[in-house]
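Student: One structure, pasted below without further comment.
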Protein chains: 2
Amino acid sequence: MLAGTDRKREILSVSQRLFKEKGYSTTTVREIARELNIEPASLYSHVHSKEDILDQICFGMAEKLLLAIDEVNDIYFDAEGKLRMMVDNHVGILTDDLNAAIVFIKEWRHLSEPRLSEFVRLRKRYEQGLREIIQTGIDEHKFNEIDKKFGALTILSTVNGIIDWYKPEGNLKPKEIADSLYTFIWSGLRLDN
Amino acid sequence: MLAGTDRKREILSVSQRLFKEKGYSTTTVREIARELNIEPASLYSHVHSKEDILDQICFGMAEKLLLAIDEVNDIYFDAEGKLRMMVDNHVGILTDDLNAAIVFIKEWRHLSEPRLSEFVRLRKRYEQGLREIIQTGIDEHKFNEIDKKFGALTILSTVNGIIDWYKPEGNLKPKEIADSLYTFIWSGLRLDN
DNA sequence: AGCTTTGCCTAACAAATGTTAGCCGGAACA
DNA sequence: TGTTCCGGCTAACATTTGTTAGGCAAAGCT
């Protein structure tokens, strides 16, 4: 049984939306079932537990993002290219699956051990990738010698912030958002301001 | 009976910490009581409900921030002064009561109507104050003609992001953080980059 | 046709939840 | 000294929670 039965995808999709709207712990297994016109117990044919759903959403997003940032650090050599591509990828991935992104960013802490620690590990790896980009910029004398941790975390909250207001039907398209954010961040980090 | 009995402050303080650590809906009235060496039912001598606690935390922070930004827009006339003071105040208020700040930012949506709508109204008013600052900068030809909503929300997520990593015992002091963030934001918005 | 698997069902459970009712000792106040 | 009231207690409540056991019909495979 592979990961993506149709029914299972529906469950994940519905759960994402509900988790986004009400938060993970306020969302009920019964609510998820009701939206699928199914009895609560029937969910357990497709999913091991409620937390299993959260798990798949969170790690699904984490893997996409990690893959993307590793690629960036592999392909590009200068800080400008790296940062631009990173922001582009990051914004693209979040906006492409907004519900999942929101859950990923806001609800991961409801994971329980040992998956919680594993998730945190992945997140640290992503931050590490970001610091690599910043280091590149410093080496090129493009960035100030800022605290790299500060820089990475500030970039992260800046780009992640879009999930609070991005609307697919709005007039700002992901690509434009990424461009603006890139400019904002690049200027914010740049040497000689 | 005024707002701040000693016992009541203890309840708020303990609740803030627990809400921060586990989230509002995962935190139990019984847990709060246990930390105070009290029976769960005894809480209700000081507080109307669990949500009442969340209410006071969220609106307490909201009022502090609103007061601060109104002051900024009253006192200062140029964008630079306004922005600098705003970031300073914002970072100061968040770091001064970190637990409350985290709950304020992450748990407000568990408020129920009609308080939820009222809270959202206050938040919008704060964003409006921010847009006023941005407008000042545009009028002075210091900022790009950016989408003001985009700008306000990006600034907000950038400064709010600190709650995810700020540690009072760390080596970055609030004032330094505010300075770095100010520079970051100012440069990010500035015309001619 | 017989067998297996899939996907749902009904029924139920044990645990945990927020909250209320009613009591009671001691401090504060008259 | 008598009375009020504050801040805690015990006991219990009705719901809601995630989850399991066991069955059953239809589809798919051999």
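By convention in this document, the chains of the structure tokens carry letters A, B, ... by their order, each chain's residues are numbered from 1, and ligands are numbered from 1 in the order they are shown.
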Please identify all residues of chain C having at least one atom at most 9 Å from any atom of chain B, considering only C-alpha atoms (C1' of nucleotides), and return them as a ChimeraX atom specification.

Tutor: /C:17-20

Student: Please, which residues of chain B lie no more than 8 Å from chain A when the count uses only C-alpha atoms, and can they be set out as an MDAnalysis selection string?

Tutor: chainID B and resid 22 25:26 110 153:155 157:158 160:162 165 183:189 193

Student: Within 10 Å of chain B, which residues of chain D show up when using only C-alpha atoms (C1' of nucleotides), listed as number ranges by chain?

Tutor: D: 6-10

Student: Show me, as a PyMOL selection string, the residues that have an atom within 12 Å of DG23 in chain D when counting only C-alpha atoms (C1' of nucleotides), minus same-chain residues fewer than 6 positions from it.

Tutor: chain C and resi 8-11

Student: Go ahead and compute the interatomic distance for CA of Val91 in chain A and CA of Leu130 in chain A, in Å to one decimal.

Tutor: 14.4 Å

Student: Give me the residues within 8 Å of Asp179 in chain A as a list in words, counting only C-alpha atoms (C1' of nucleotides) and dropping any in the same chain fewer than 4 places off.

Tutor: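 Close residues of Asp179 in chain A: Arg84, Asp88, Lys175 and Thr183 of chain A.
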
Student: Store the residues picked out above in a file with N, CA, C and O atoms, as an mmCIF file, in the first residue's frame.

Tutor:
data_model
loop_
_atom_site.group_PDB
_atom_site.id
_atom_site.type_symbol
_atom_site.label_atom_id
_atom_site.label_comp_id
_atom_site.auth_asym_id
_atom_site.auth_seq_id
_atom_site.Cartn_x
_atom_site.Cartn_y
_atom_site.Cartn_z
ATOM 1 N N ARG A 84 18.270 34.647 -3.913
ATOM 2 C CA ARG A 84 17.114 34.847 -4.787
ATOM 3 C C ARG A 84 16.394 33.526 -5.020
ATOM 4 O O ARG A 84 15.170 33.433 -4.898
ATOM 5 N N ASP A 88 12.647 32.405 -3.685
ATOM 6 C CA ASP A 88 11.722 31.973 -4.722
ATOM 7 C C ASP A 88 11.154 30.586 -4.426
ATOM 8 O O ASP A 88 9.943 30.372 -4.477
ATOM 9 N N LYS A 175 5.233 34.892 -7.400
ATOM 10 C CA LYS A 175 6.497 35.353 -7.976
ATOM 11 C C LYS A 175 6.790 36.811 -7.587
ATOM 12 O O LYS A 175 7.926 37.174 -7.277
ATOM 13 N N THR A 183 14.179 41.455 -2.498
ATOM 14 C CA THR A 183 14.733 42.807 -2.441
ATOM 15 C C THR A 183 14.830 43.295 -0.999
ATOM 16 O O THR A 183 15.852 43.836 -0.567
#

Student: Which of range 119-165 of chain B counts as alpha helix (DSSP H) under DSSP, as a ChimeraX atom specification please?

Tutor: /B:119-139,148-160

Student: Enter the distance from CA of Leu83 in chain B to CA of Ile133 in chain A, in Å, rounded to one decimal.

Tutor: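 According to the coordinates, CA of Leu83 in chain B and CA of Ile133 in chain A are separated by 28.1 Å.
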
Student: Excluding DC3 in chain C and its own-chain neighbours fewer than 6 positions away, which residues fall within 12 Å of it when counting only C-alpha atoms (C1' of nucleotides)? Please give them as JSON, numbers by chain.

Tutor: {"D": [28, 29, 30]}

Student: Hey, what's within 12 Å of DA12 in chain C if we count only C-alpha atoms (C1' of nucleotides) and toss same-chain stuff fewer than 6 positions away? As number ranges by chain, please?

Tutor: A: 41; D: 19-22

Student: Those same residues - N, CA, C and O atoms (P, O5', C5', C4', C3', O3' and C1' of nucleotides) - I'd like them written as a PDB file, in the first residue's frame.

Tutor:
ATOM      1  N   ALA A  41     -14.800   6.220  12.809  1.00  0.00           N
ATOM      2  CA  ALA A  41     -13.979   5.017  12.908  1.00  0.00           C
ATOM      3  C   ALA A  41     -13.373   4.617  11.568  1.00  0.00           C
ATOM      4  O   ALA A  41     -12.321   3.987  11.522  1.00  0.00           O
TER       5      ALA A  41
ATOM      6  P    DT D  19      -5.862   8.657  18.206  1.00  0.00           P
ATOM      7  O5'  DT D  19      -6.673   7.340  18.548  1.00  0.00           O
ATOM      8  C5'  DT D  19      -6.597   6.847  19.881  1.00  0.00           C
ATOM      9  C4'  DT D  19      -7.450   5.604  20.030  1.00  0.00           C
ATOM     10  C3'  DT D  19      -7.291   4.596  18.893  1.00  0.00           C
ATOM     11  O3'  DT D  19      -6.614   3.449  19.417  1.00  0.00           O
ATOM     12  C1'  DT D  19      -9.566   4.860  19.567  1.00  0.00           C
ATOM     13  P    DT D  20      -6.233   2.236  18.467  1.00  0.00           P
ATOM     14  O5'  DT D  20      -7.347   1.159  18.833  1.00  0.00           O
ATOM     15  C5'  DT D  20      -7.552   0.817  20.196  1.00  0.00           C
ATOM     16  C4'  DT D  20      -8.718  -0.139  20.310  1.00  0.00           C
ATOM     17  C3'  DT D  20      -8.649  -1.342  19.363  1.00  0.00           C
ATOM     18  O3'  DT D  20      -8.848  -2.520  20.125  1.00  0.00           O
ATOM     19  C1'  DT D  20     -10.761  -0.259  19.179  1.00  0.00           C
ATOM     20  P    DA D  21      -8.442  -3.939  19.548  1.00  0.00           P
ATOM     21  O5'  DA D  21      -9.852  -4.681  19.532  1.00  0.00           O
ATOM     22  C5'  DA D  21     -10.842  -4.318  20.498  1.00  0.00           C
ATOM     23  C4'  DA D  21     -12.170  -4.975  20.154  1.00  0.00           C
ATOM     24  C3'  DA D  21     -12.068  -6.193  19.241  1.00  0.00           C
ATOM     25  O3'  DA D  21     -13.008  -7.172  19.686  1.00  0.00           O
ATOM     26  C1'  DA D  21     -13.437  -4.553  18.223  1.00  0.00           C
ATOM     27  P    DG D  22     -12.921  -8.659  19.107  1.00  0.00           P
ATOM     28  O5'  DG D  22     -14.114  -8.680  18.052  1.00  0.00           O
ATOM     29  C5'  DG D  22     -15.384  -8.161  18.434  1.00  0.00           C
ATOM     30  C4'  DG D  22     -16.242  -7.961  17.208  1.00  0.00           C
ATOM     31  C3'  DG D  22     -16.052  -9.047  16.132  1.00  0.00           C
ATOM     32  O3'  DG D  22     -17.326  -9.481  15.712  1.00  0.00           O
ATOM     33  C1'  DG D  22     -15.876  -6.919  15.178  1.00  0.00           C
TER      34       DG D  22
END

Student: One number please: CA of Phe104 in chain A to CA of Cys58 in chain A, in Å, one decimal.

Tutor: 4.7 Å
